[in-house]
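> Have a peek at start38.cif (mmCIF, C-alpha atoms and all ligand atoms).
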```
data_input
#
loop_
_atom_site.label_atom_id
_atom_site.label_comp_id
_atom_site.auth_asym_id
_atom_site.auth_seq_id
_atom_site.Cartn_x
_atom_site.Cartn_y
_atom_site.Cartn_z
CA MET A 1 16.27 -18.14 -172.54
CA GLY A 2 13.05 -19.07 -170.73
CA GLY A 3 14.92 -21.90 -169.03
CA LEU A 4 17.21 -19.27 -167.50
CA ASN A 5 14.31 -17.30 -166.03
CA VAL A 6 14.95 -14.53 -168.61
CA LYS A 7 11.54 -13.21 -169.61
CA GLU A 8 12.60 -10.63 -172.17
CA ILE A 9 15.64 -9.99 -174.34
CA ASP A 10 15.89 -6.20 -174.29
CA LYS A 11 18.64 -4.14 -175.93
CA GLU A 12 20.94 -4.49 -172.93
CA LYS A 13 20.54 -8.27 -172.80
CA GLU A 14 21.01 -8.55 -176.56
CA GLU A 15 24.33 -6.67 -176.28
CA LEU A 16 25.44 -8.92 -173.47
CA LEU A 17 24.54 -12.09 -175.36
CA MET A 18 25.57 -11.13 -178.86
CA GLY A 19 26.90 -7.58 -178.97
CA LEU A 20 29.78 -8.79 -181.13
CA LYS A 21 29.55 -11.08 -184.14
CA ARG A 22 32.63 -12.58 -185.74
CA ILE A 23 32.79 -14.78 -188.80
CA ASN A 24 35.77 -17.03 -189.57
CA PHE A 25 36.63 -18.84 -192.76
CA ASN A 26 38.53 -22.04 -191.97
CA TYR A 27 40.44 -23.81 -194.71
CA TYR A 28 41.95 -27.22 -193.97
CA PRO A 29 44.18 -28.34 -196.83
CA LYS A 30 44.26 -32.08 -197.41
CA CYS A 31 47.01 -33.58 -195.35
CA PRO A 32 49.36 -36.34 -196.53
CA ASN A 33 49.73 -37.69 -192.97
CA PRO A 34 46.46 -36.97 -191.16
CA GLU A 35 47.39 -39.32 -188.30
CA LEU A 36 50.41 -37.09 -187.56
CA SER A 37 48.51 -33.80 -187.56
CA ILE A 38 45.51 -32.02 -186.08
CA GLY A 39 42.91 -29.91 -187.90
CA VAL A 40 41.87 -27.92 -184.83
CA GLY A 41 42.79 -29.05 -181.33
CA ARG A 42 40.29 -29.79 -178.56
CA HIS A 43 38.57 -26.61 -177.37
CA SER A 44 35.25 -25.05 -176.54
CA ASP A 45 34.30 -21.78 -178.23
CA ILE A 46 34.33 -18.70 -176.02
CA SER A 47 31.19 -17.38 -177.69
CA THR A 48 27.64 -17.35 -176.39
CA ILE A 49 26.65 -19.56 -179.30
CA THR A 50 28.36 -20.52 -182.54
CA VAL A 51 26.51 -21.16 -185.79
CA LEU A 52 28.68 -23.34 -188.02
CA LEU A 53 28.37 -24.15 -191.69
CA GLN A 54 30.55 -27.04 -192.82
CA ASP A 55 31.05 -28.46 -196.29
CA ASP A 56 30.47 -32.14 -197.16
CA ILE A 57 33.90 -33.49 -196.12
CA GLY A 58 33.38 -34.10 -192.40
CA GLY A 59 35.93 -34.25 -189.61
CA LEU A 60 34.22 -32.29 -186.82
CA TYR A 61 33.96 -34.24 -183.55
CA VAL A 62 32.25 -33.25 -180.30
CA LYS A 63 32.97 -34.76 -176.92
CA LYS A 64 30.02 -36.25 -175.08
CA HIS A 65 29.71 -34.36 -171.81
CA GLU A 66 31.58 -35.92 -168.87
CA THR A 67 32.80 -38.89 -170.94
CA ASN A 68 35.75 -39.53 -173.17
CA ILE A 69 33.49 -40.39 -176.08
CA TRP A 70 33.98 -38.38 -179.27
CA ILE A 71 31.08 -38.22 -181.70
CA HIS A 72 31.49 -37.37 -185.38
CA ILE A 73 29.12 -34.64 -186.56
CA PRO A 74 28.37 -35.72 -190.13
CA PRO A 75 27.72 -32.94 -192.62
CA VAL A 76 24.03 -32.69 -193.50
CA ASN A 77 23.23 -30.78 -196.66
CA GLY A 78 21.64 -27.43 -195.77
CA ALA A 79 22.06 -27.90 -192.02
CA LEU A 80 23.92 -25.70 -189.56
CA VAL A 81 25.67 -26.88 -186.39
CA ILE A 82 24.79 -24.82 -183.31
CA ASN A 83 27.35 -24.96 -180.48
CA ILE A 84 27.00 -23.56 -176.99
CA GLY A 85 30.07 -21.55 -175.98
CA ASP A 86 31.74 -20.70 -172.68
CA ALA A 87 30.03 -17.30 -172.34
CA LEU A 88 26.60 -19.00 -172.19
CA GLN A 89 27.91 -21.61 -169.74
CA ILE A 90 29.11 -18.78 -167.47
CA MET A 91 25.95 -16.66 -167.84
CA SER A 92 23.70 -19.68 -167.25
CA ASN A 93 25.76 -20.70 -164.18
CA ASP A 94 26.35 -24.15 -165.74
CA LYS A 95 22.72 -24.79 -166.79
CA TYR A 96 24.01 -24.89 -170.36
CA LYS A 97 27.44 -26.43 -170.96
CA SER A 98 29.79 -25.40 -173.73
CA VAL A 99 30.74 -28.26 -176.01
CA GLU A 100 34.30 -29.47 -176.41
CA HIS A 101 35.12 -30.16 -180.05
CA CYS A 102 37.99 -30.68 -182.48
CA VAL A 103 38.61 -31.21 -186.17
CA ILE A 104 40.54 -34.16 -187.60
CA ALA A 105 42.69 -33.57 -190.68
CA ASN A 106 41.64 -35.29 -193.89
CA GLY A 107 44.04 -37.32 -196.06
CA SER A 108 42.25 -36.96 -199.38
CA ASN A 109 40.19 -33.76 -199.45
CA ASN A 110 40.46 -30.06 -198.62
CA ARG A 111 37.81 -28.89 -196.18
CA ILE A 112 36.13 -25.54 -195.54
CA SER A 113 34.02 -24.44 -192.60
CA VAL A 114 32.46 -21.10 -191.72
CA PRO A 115 31.65 -20.48 -188.06
CA ILE A 116 29.73 -17.38 -186.96
CA PHE A 117 30.52 -16.59 -183.34
CA LEU A 118 27.95 -14.58 -181.36
CA HIS A 119 29.84 -13.02 -178.45
CA PRO A 120 29.34 -10.54 -175.65
CA LYS A 121 31.04 -7.22 -176.45
CA ALA A 122 34.69 -6.94 -175.35
CA THR A 123 33.63 -4.24 -172.85
CA SER A 124 30.84 -6.36 -171.35
CA VAL A 125 31.26 -7.76 -167.88
CA ILE A 126 29.92 -11.30 -167.84
CA GLY A 127 28.99 -13.62 -165.00
CA PRO A 128 25.95 -15.65 -163.95
CA LEU A 129 22.84 -13.68 -164.99
CA LYS A 130 20.93 -12.03 -162.17
CA GLU A 131 17.78 -13.88 -163.30
CA VAL A 132 19.60 -17.20 -162.85
CA ILE A 133 20.87 -16.57 -159.33
CA GLU A 134 18.03 -14.45 -157.93
CA ASN A 135 16.40 -17.59 -156.50
CA GLY A 136 19.38 -18.04 -154.18
CA GLU A 137 21.48 -20.26 -156.43
CA LYS A 138 25.18 -20.07 -155.61
CA PRO A 139 27.19 -18.43 -158.40
CA ILE A 140 29.92 -20.70 -159.79
CA TYR A 141 31.60 -17.93 -161.80
CA LYS A 142 32.85 -14.45 -160.96
CA GLN A 143 32.05 -11.31 -162.95
CA ILE A 144 34.79 -10.87 -165.53
CA LEU A 145 35.50 -8.49 -168.36
CA TYR A 146 34.88 -10.37 -171.58
CA ALA A 147 38.04 -8.86 -173.14
CA ASP A 148 40.07 -10.50 -170.36
CA TYR A 149 38.41 -13.85 -171.02
CA THR A 150 39.18 -13.54 -174.74
CA ASN A 151 42.81 -12.62 -174.03
CA ILE A 152 43.30 -15.70 -171.86
CA PHE A 153 41.85 -17.94 -174.58
CA PHE A 154 44.08 -16.52 -177.31
CA SER A 155 47.23 -16.41 -175.16
CA LYS A 156 47.61 -20.19 -175.08
CA GLY A 157 47.14 -23.28 -177.18
CA HIS A 158 43.86 -25.19 -177.30
CA ASP A 159 43.58 -27.57 -174.38
CA GLY A 160 40.00 -28.69 -173.96
CA LYS A 161 37.81 -26.58 -171.70
CA ASP A 162 40.60 -25.11 -169.59
CA THR A 163 39.81 -21.39 -170.21
CA ILE A 164 36.57 -21.53 -168.23
CA GLU A 165 38.52 -22.47 -165.10
CA PHE A 166 39.82 -18.87 -165.00
CA ALA A 167 36.28 -17.59 -164.58
CA LYS A 168 35.43 -19.83 -161.61
CA ILE A 169 35.10 -18.35 -158.13
O1 LIG B 1 35.89 -26.48 -188.74
C1 LIG B 1 35.03 -26.80 -187.92
O2 LIG B 1 34.13 -27.60 -188.16
C2 LIG B 1 35.08 -26.23 -186.52
C3 LIG B 1 36.01 -25.06 -186.38
C4 LIG B 1 36.07 -24.57 -184.97
O3 LIG B 1 35.89 -25.29 -184.03
C5 LIG B 1 36.32 -23.13 -184.71
O4 LIG B 1 36.63 -22.38 -185.66
O5 LIG B 1 36.21 -22.74 -183.54
FE FE B 2 35.36 -24.18 -182.29
#
```
Just dump the structure as structure tokens.


Amino acid sequence: MGGLNVKEIDKEKEELLMGLKRINFNYYPKCPNPELSIGVGRHSDISTITVLLQDDIGGLYVKKHETNIWIHIPPVNGALVINIGDALQIMSNDKYKSVEHCVIANGSNNRISVPIFLHPKATSVIGPLKEVIENGEKPIYKQILYADYTNIFFSKGHDGKDTIEFAKI
């Protein structure tokens, strides 16, 4: 957080950054026609950060920022994938960018992944951190209730990084 001019993570900051933790268990059954289906559509997580454990099957792709290039994230035994989510993009006023990603279905193997999402609390109001904008930087995002942000994300299908548009000024 030093890069965001945040000197100390006190209790209040900790709640804002990761007051809520959610763990998902994703099971992707092998698919007879992978080219006709999607594992998980293109999206960015709405978390602050996501810590993801994947098995050895593969299929997770991330989009290189501001390109149309998709990069496979090969499973590495014992390694975790760390993704930046929308909440950190908003709080950092775009200094950190959430990563767009998707999962491709697999024709011959079942796949399991376990993401741990570190979120603000539903009752937290999030926006660019005061430490980030106190030097006069123009805020790109408004202050929004995190529950509202979550509701927008879950009220529609995955479509890239569209949810973050709702938080823009
Ligand atoms: O299964 C994966 O590797 C990623 C799953 C994912 O993107 C998610 O649960 O948000
Ligand atoms: Fe995700």

> Taking only C-alpha atoms and all ligand atoms into account, report as number ranges by chain which residues have an atom no farther than 12 Å from an atom of ligand FE 2 (chain B).

A: 23-26, 39-54, 60-62, 81-86, 98-103, 113-117, 153, 158-161

> Just C-alpha atoms for this one: save the residues we selected as a compact mmCIF listing (two decimals), in the coordinates of the input.


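The result, written out as part.txt:
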```txt
# COMPACT_ATOMS: atom_id res chain seq x y z
CA ILE A 23 32.79 -14.78 -188.80
CA ASN A 24 35.77 -17.03 -189.57
CA PHE A 25 36.63 -18.84 -192.76
CA ASN A 26 38.53 -22.04 -191.97
CA GLY A 39 42.91 -29.91 -187.90
CA VAL A 40 41.87 -27.92 -184.83
CA GLY A 41 42.79 -29.05 -181.33
CA ARG A 42 40.29 -29.79 -178.56
CA HIS A 43 38.57 -26.61 -177.37
CA SER A 44 35.25 -25.05 -176.54
CA ASP A 45 34.30 -21.78 -178.23
CA ILE A 46 34.33 -18.70 -176.02
CA SER A 47 31.19 -17.38 -177.69
CA THR A 48 27.64 -17.35 -176.39
CA ILE A 49 26.65 -19.56 -179.30
CA THR A 50 28.36 -20.52 -182.54
CA VAL A 51 26.51 -21.16 -185.79
CA LEU A 52 28.68 -23.34 -188.02
CA LEU A 53 28.37 -24.15 -191.69
CA GLN A 54 30.55 -27.04 -192.82
CA LEU A 60 34.22 -32.29 -186.82
CA TYR A 61 33.96 -34.24 -183.55
CA VAL A 62 32.25 -33.25 -180.30
CA VAL A 81 25.67 -26.88 -186.39
CA ILE A 82 24.79 -24.82 -183.31
CA ASN A 83 27.35 -24.96 -180.48
CA ILE A 84 27.00 -23.56 -176.99
CA GLY A 85 30.07 -21.55 -175.98
CA ASP A 86 31.74 -20.70 -172.68
CA SER A 98 29.79 -25.40 -173.73
CA VAL A 99 30.74 -28.26 -176.01
CA GLU A 100 34.30 -29.47 -176.41
CA HIS A 101 35.12 -30.16 -180.05
CA CYS A 102 37.99 -30.68 -182.48
CA VAL A 103 38.61 -31.21 -186.17
CA SER A 113 34.02 -24.44 -192.60
CA VAL A 114 32.46 -21.10 -191.72
CA PRO A 115 31.65 -20.48 -188.06
CA ILE A 116 29.73 -17.38 -186.96
CA PHE A 117 30.52 -16.59 -183.34
CA PHE A 153 41.85 -17.94 -174.58
CA HIS A 158 43.86 -25.19 -177.30
CA ASP A 159 43.58 -27.57 -174.38
CA GLY A 160 40.00 -28.69 -173.96
CA LYS A 161 37.81 -26.58 -171.70
```

> So which residues fall inside 10 Å of (36.1, -25.1, -166.9) if we count only C-alpha atoms? Mind giving them as a VMD selection string?

chain A and resid 44 86 89 to 90 94 97 to 98 141 160 to 168

> For ligand LIG 1 (chain B), which of A:Asn93, A:Asn68, A:Asn33, A:Asn106 is the closest residue, counting all atoms listed in the file?

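So, comparing all the options, the nearest one is A:Asn106.
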
> I'd like the interatomic distance between CA of Pro139 in chain A and CA of Asn5 in chain A, to a tenth of an Å.

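Going from CA of Pro139 in chain A over to CA of Asn5 in chain A covers 15.0 Å.
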
> Please list, as JSON, numbers by chain, the residues that have an atom at most 12 Å away from (49.2, -38.4, -193.4) in the coordinates of this file, counting all atoms listed in the file.

{"A": [29, 30, 31, 32, 33, 34, 35, 36, 37, 38, 39, 104, 105, 106, 107, 108, 109]}

> Quick one: of A:His72, A:Lys95, A:His65, A:Lys138, who's nearest to ligand LIG 1 (chain B), counting only C-alpha atoms and all ligand atoms?

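Going through A:His72, A:Lys95, A:His65, A:Lys138 one by one, the smallest distance to ligand LIG 1 (chain B) is for A:His72.
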
> Closest to Leu88 in chain A among A:Leu20, A:Leu129, A:Ala147, A:Ile112, using all atoms listed in the file?

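For Leu88 in chain A, the nearest of the given residues is A:Leu129.
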
> With distances taken over all atoms listed in the file, which of A:Gly19, A:Pro120, A:Gly59, A:Gly2 is nearest to ligand LIG 1 (chain B)?

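Of the candidates, the smallest distance to ligand LIG 1 (chain B) is held by A:Gly59.
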
> Nearest to Thr123 in chain A among A:Asn135, A:Asn77, A:Ser92, A:Thr150, with distances taken over all atoms listed in the file: which residue is it?

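Residue with the minimum atom-to-atom distance to Thr123 in chain A: A:Thr150.
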
> Draw an axis-aligned box over all listed atoms of ligand LIG 1 (chain B), pad each side with 4 Å, and write its centre and edge lengths in Å, one decimal, as AutoDock Vina command-line options.


```
--center_x 35.4 --center_y -25.0 --center_z -186.1 --size_x 10.5 --size_y 13.2 --size_z 13.2
```

> Between A:Glu14, A:Lys21, A:Glu8, A:Asp55, single out the one closest to ligand LIG 1 (chain B), counting only C-alpha atoms and all ligand atoms.

A:Asp55

> What's the separation between CA of Tyr27 in chain A and CA of Lys156 in chain A, in Å to one decimal place?

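Atom-to-atom, CA of Tyr27 in chain A to CA of Lys156 in chain A, that is 21.2 Å.
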